[in-house]
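A.B. asks: The following block contains the structure, expressed as structure tokens.
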Amino acid sequence: DKGLKQGYWEKIDTETGKISYKGTFKNNKPQDIFSYYYKGTDSLRSKSEFRQDGKVAYVSMYYVSGKIQAKGKYVNEVKDSLWNFYDGKGVLLSTEIYLNGKKNGASKVYDEKGALIEEKFYKNDLLEGAYKQFYGDKKTKAEGAYLAGEYTGKCSWYYPNGIAAAEGFYEKGTKKGVWLYKEQSGKIKEKEVWQNGKQLNQKEMDAFFKSKNITFPADTK
């Protein structure tokens with residue numbers, strides 16, 4: 001009607017003769033339920049429930065197998081609010097929060113048993129704030145922070161027994177100061193010193209530790 005789509009529509013793939021999508025329009029704007037299919041098949045690729053005259057869409061996406069792949073909301077055709085993502089068995093893998101198409105807020109990752117194994121935060125699509133990883137038994141695997149998408153402050157990575165495998169400081173994504181690397185027993189196996197974005201050589205590092213009156217066990221590399 002006057003060049004605007006009205007009523008029920010089906011779009012057919014001219015190569016395969018299969019339906020690409022089907023749904024209802026009102027003045028060119030999608031209404032209610034739309035179904036989209038994988039090319040050349042009858043397998044549902046996604047289903048969208050349009051509201052507010054097509055402005056908002058609640059979407060479910062599927063694997064070819066029919067298992068759920070993702071669920072979330074679009075506002076003005078960009079991601080918004082909470083999105084959930086699933087593996088091929090339908091088990092929740094991760095969650096993300098969007099605002100105006102960009103990640104904003106907590107992002108979480110889960111293992112196949114549903115245990116939280118990673119949590120980080122975004123601001124306008126850049127990592128910002130505290131960051132943590134966990135072993136399946138909830139013990140901390142890594143922790144630190146981000147600022148404008150780069151590591152900042154103290155960051156640590158741990159063995160399952162709680163000993164820090166590596167730890168040190170970042171400034172604008174660059175290592176700074178003393179970094180220590182340990183064996184699972186807690187014995188220091190390696191150390192580094194970073195200044196102005198560069199790693200000091202052995203002679204410079206020895207002089208640094210001497211000036212700061214920092215000592216290590218005799219068997220430390």
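Identifiers for the structure tokens are assigned positionally: chains receive A, B, ... in sequence, residues are indexed from 1 per chain, and ligands are indexed from 1 in the order shown.
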Please extract the residues of segment 23-167 of chain A with a backbone DSSP assignment of strand (DSSP E) and present them as an MDAnalysis selection string.
C.D. replies: chainID A and resid 23:26 29:37 44:51 56:62 68:75 78:86 92:99 102:103 105:110 116:123 126:127 129:134 140:147 150:151 153:158 164:167
A.B. asks: Which residues are near Thr95 of chain A? Cut-off 10 Å, only C-alpha atoms, ignore same chain within fewer than 5 positions. Put them as a PDB file with N, CA, C and O atoms, in the first residue's frame.
C.D. replies:
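Below is the file result.pdb, written as the result:
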```
ATOM      1  N   ALA A  70      21.378 -18.133  21.559  1.00  0.00           N
ATOM      2  CA  ALA A  70      21.442 -16.848  22.253  1.00  0.00           C
ATOM      3  C   ALA A  70      20.047 -16.288  22.439  1.00  0.00           C
ATOM      4  O   ALA A  70      19.128 -16.578  21.652  1.00  0.00           O
ATOM      5  N   LYS A  71      19.894 -15.486  23.495  1.00  0.00           N
ATOM      6  CA  LYS A  71      18.640 -14.776  23.750  1.00  0.00           C
ATOM      7  C   LYS A  71      18.962 -13.363  24.181  1.00  0.00           C
ATOM      8  O   LYS A  71      19.895 -13.139  24.960  1.00  0.00           O
ATOM      9  N   GLY A  72      18.185 -12.418  23.685  1.00  0.00           N
ATOM     10  CA  GLY A  72      18.414 -11.044  24.085  1.00  0.00           C
ATOM     11  C   GLY A  72      17.418 -10.095  23.456  1.00  0.00           C
ATOM     12  O   GLY A  72      16.411 -10.507  22.865  1.00  0.00           O
ATOM     13  N   LEU A  82      20.227  -7.328  28.840  1.00  0.00           N
ATOM     14  CA  LEU A  82      20.905  -8.600  29.102  1.00  0.00           C
ATOM     15  C   LEU A  82      20.814  -9.546  27.908  1.00  0.00           C
ATOM     16  O   LEU A  82      19.744  -9.761  27.344  1.00  0.00           O
ATOM     17  N   TRP A  83      21.968 -10.141  27.555  1.00  0.00           N
ATOM     18  CA  TRP A  83      22.040 -11.188  26.534  1.00  0.00           C
ATOM     19  C   TRP A  83      22.634 -12.444  27.138  1.00  0.00           C
ATOM     20  O   TRP A  83      23.619 -12.383  27.882  1.00  0.00           O
ATOM     21  N   ASN A  84      22.028 -13.585  26.817  1.00  0.00           N
ATOM     22  CA  ASN A  84      22.530 -14.889  27.261  1.00  0.00           C
ATOM     23  C   ASN A  84      23.006 -15.693  26.057  1.00  0.00           C
ATOM     24  O   ASN A  84      22.356 -15.681  24.997  1.00  0.00           O
ATOM     25  N   PHE A  85      24.132 -16.402  26.213  1.00  0.00           N
ATOM     26  CA  PHE A  85      24.694 -17.207  25.136  1.00  0.00           C
ATOM     27  C   PHE A  85      24.876 -18.650  25.609  1.00  0.00           C
ATOM     28  O   PHE A  85      25.285 -18.894  26.747  1.00  0.00           O
ATOM     29  N   TYR A  86      24.603 -19.618  24.718  1.00  0.00           N
ATOM     30  CA  TYR A  86      24.563 -21.026  25.095  1.00  0.00           C
ATOM     31  C   TYR A  86      25.441 -21.870  24.174  1.00  0.00           C
ATOM     32  O   TYR A  86      25.699 -21.484  23.023  1.00  0.00           O
ATOM     33  N   ALA A 106      28.356  -5.901  33.701  1.00  0.00           N
ATOM     34  CA  ALA A 106      29.023  -7.168  33.972  1.00  0.00           C
ATOM     35  C   ALA A 106      28.940  -8.132  32.793  1.00  0.00           C
ATOM     36  O   ALA A 106      27.917  -8.242  32.119  1.00  0.00           O
ATOM     37  N   SER A 107      30.045  -8.835  32.580  1.00  0.00           N
ATOM     38  CA  SER A 107      30.110  -9.915  31.599  1.00  0.00           C
ATOM     39  C   SER A 107      30.594 -11.157  32.329  1.00  0.00           C
ATOM     40  O   SER A 107      31.633 -11.133  32.993  1.00  0.00           O
ATOM     41  N   LYS A 108      29.835 -12.257  32.252  1.00  0.00           N
ATOM     42  CA  LYS A 108      30.162 -13.459  33.015  1.00  0.00           C
ATOM     43  C   LYS A 108      30.278 -14.672  32.103  1.00  0.00           C
ATOM     44  O   LYS A 108      29.561 -14.783  31.114  1.00  0.00           O
ATOM     45  N   VAL A 109      31.205 -15.568  32.471  1.00  0.00           N
ATOM     46  CA  VAL A 109      31.416 -16.809  31.724  1.00  0.00           C
ATOM     47  C   VAL A 109      31.268 -17.983  32.694  1.00  0.00           C
ATOM     48  O   VAL A 109      31.739 -17.923  33.834  1.00  0.00           O
ATOM     49  N   TYR A 110      30.621 -19.064  32.229  1.00  0.00           N
ATOM     50  CA  TYR A 110      30.360 -20.231  33.066  1.00  0.00           C
ATOM     51  C   TYR A 110      30.936 -21.487  32.425  1.00  0.00           C
ATOM     52  O   TYR A 110      31.088 -21.563  31.193  1.00  0.00           O
ATOM     53  N   GLU A 119      34.510 -13.171  35.510  1.00  0.00           N
ATOM     54  CA  GLU A 119      33.639 -11.998  35.628  1.00  0.00           C
ATOM     55  C   GLU A 119      34.459 -10.748  35.332  1.00  0.00           C
ATOM     56  O   GLU A 119      35.527 -10.546  35.908  1.00  0.00           O
TER      57      GLU A 119
END
```
A.B. asks: List the neighbours of Gly90 of chain A out to 7 Å using only C-alpha atoms; skip same-chain residues closer than 6 positions along the sequence, and give me the result as a short mmCIF file (atom, residue, chain, number, x, y, z; two decimals) with all heavy atoms, in the first residue's frame.
C.D. replies:
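Writing done, so here's out07.cif:
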```cif
data_model
loop_
_atom_site.label_atom_id
_atom_site.label_comp_id
_atom_site.auth_asym_id
_atom_site.auth_seq_id
_atom_site.Cartn_x
_atom_site.Cartn_y
_atom_site.Cartn_z
N LYS A 67 18.91 -26.34 19.00
CA LYS A 67 19.21 -25.90 20.35
C LYS A 67 19.39 -24.38 20.40
O LYS A 67 19.87 -23.77 19.44
CB LYS A 67 20.49 -26.57 20.85
CG LYS A 67 20.36 -28.07 21.10
CD LYS A 67 19.50 -28.37 22.31
CE LYS A 67 19.48 -29.85 22.64
NZ LYS A 67 18.66 -30.15 23.83
N ILE A 68 19.01 -23.80 21.52
CA ILE A 68 19.12 -22.35 21.68
C ILE A 68 20.58 -21.92 21.65
O ILE A 68 21.44 -22.57 22.26
CB ILE A 68 18.44 -21.89 22.99
CG1 ILE A 68 18.38 -20.37 23.08
CG2 ILE A 68 19.10 -22.50 24.21
CD1 ILE A 68 17.46 -19.73 22.09
N GLN A 69 20.88 -20.83 20.96
CA GLN A 69 22.24 -20.31 20.85
C GLN A 69 22.40 -18.99 21.62
O GLN A 69 23.41 -18.76 22.28
CB GLN A 69 22.59 -20.07 19.38
CG GLN A 69 24.02 -19.64 19.13
CD GLN A 69 24.29 -19.45 17.65
OE1 GLN A 69 23.47 -18.89 16.92
NE2 GLN A 69 25.43 -19.94 17.19
#
```
A.B. asks: Point out the residue among A:Ser20, A:Gln199, A:Glu150, A:Val178 with the least atom-to-atom distance to Lys212 of chain A, counting only C-alpha atoms.
C.D. replies: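 That would be A:Val178, the residue with the smallest distance to Lys212 of chain A.
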A.B. asks: Go ahead and compute the interatomic distance for atom CA of Gly197 of chain A and atom CA of Ala148 of chain A, in Å to one decimal.
C.D. replies: 18.1 Å
A.B. asks: Which distance in Å separates atom CA of Leu127 of chain A and atom CA of Tyr159 of chain A, to one decimal?
C.D. replies: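 Those two atoms sit 24.3 Å apart.
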A.B. asks: Between A:Lys39, A:Lys141, A:Tyr158, A:Lys113, which one has atoms that come closest to Thr14 of chain A, using only C-alpha atoms?
C.D. replies: A:Lys39
A.B. asks: Which polymer residues have any atom within 7 Å of an atom of Lys172 of chain A, counting only C-alpha atoms, with same-chain residues fewer than 2 positions away left out, as JSON, numbers by chain?
C.D. replies: {"A": [150, 151, 152, 170, 174]}
A.B. asks: Mind pulling up the distance from atom CA of Tyr58 of chain A to atom CA of Asp13 of chain A?
C.D. replies: 24.6 Å
A.B. asks: For Lys175 of chain A, which residue out of A:Trp194, A:Tyr98, A:Tyr36, A:Trp157 is the nearest one, using only C-alpha atoms?
C.D. replies: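 Going through A:Trp194, A:Tyr98, A:Tyr36, A:Trp157 one by one, the smallest distance to Lys175 of chain A is for A:Trp194.
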A.B. asks: Might you pull out every residue within 8 Å of Ser46 of chain A, with only C-alpha atoms counted and same-chain residues fewer than 6 positions away left off, and present them as an NGL selection string?
C.D. replies: :A and (35-37 or 59-62)
A.B. asks: So that I can check the surroundings of Lys29 of chain A, please list as a PDB file with N, CA and C atoms, in the first residue's frame every protein, DNA and RNA residue that reaches within 8 Å of it, counting only C-alpha atoms and ignoring chain neighbours fewer than 5 positions away.
C.D. replies:
```pdb
ATOM      1  N   LYS A   5       5.125  -2.162   2.909  1.00  0.00           N
ATOM      2  CA  LYS A   5       4.693  -3.538   3.123  1.00  0.00           C
ATOM      3  C   LYS A   5       3.556  -3.576   4.146  1.00  0.00           C
ATOM      4  N   ASP A  53       5.834  -1.089  17.730  1.00  0.00           N
ATOM      5  CA  ASP A  53       5.819  -0.780  16.299  1.00  0.00           C
ATOM      6  C   ASP A  53       7.167  -1.078  15.644  1.00  0.00           C
ATOM      7  N   GLY A  54       7.799  -2.179  16.058  1.00  0.00           N
ATOM      8  CA  GLY A  54       9.049  -2.605  15.436  1.00  0.00           C
ATOM      9  C   GLY A  54      10.306  -2.036  16.058  1.00  0.00           C
TER      10      GLY A  54
END
```
A.B. asks: With only C-alpha atoms as the basis for distance, which of A:Ile97, A:Leu147, A:Ala115, A:Ala142 is at the shortest distance from Gly129 of chain A?
C.D. replies: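 When distances to Gly129 of chain A are compared using only C-alpha atoms, the smallest one comes from A:Leu147.
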A.B. asks: What's the 12 Å shell around Asn100 of chain A, counting only C-alpha atoms, without same-chain residues fewer than 6 positions away, as a list in words?
C.D. replies: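 Everything that qualifies: Lys73, Tyr74, Val75, Asn76, Glu77, Val78, Lys79, Asp80, Ser81, Leu82, Lys123, Asn124 and Asp125 of chain A.
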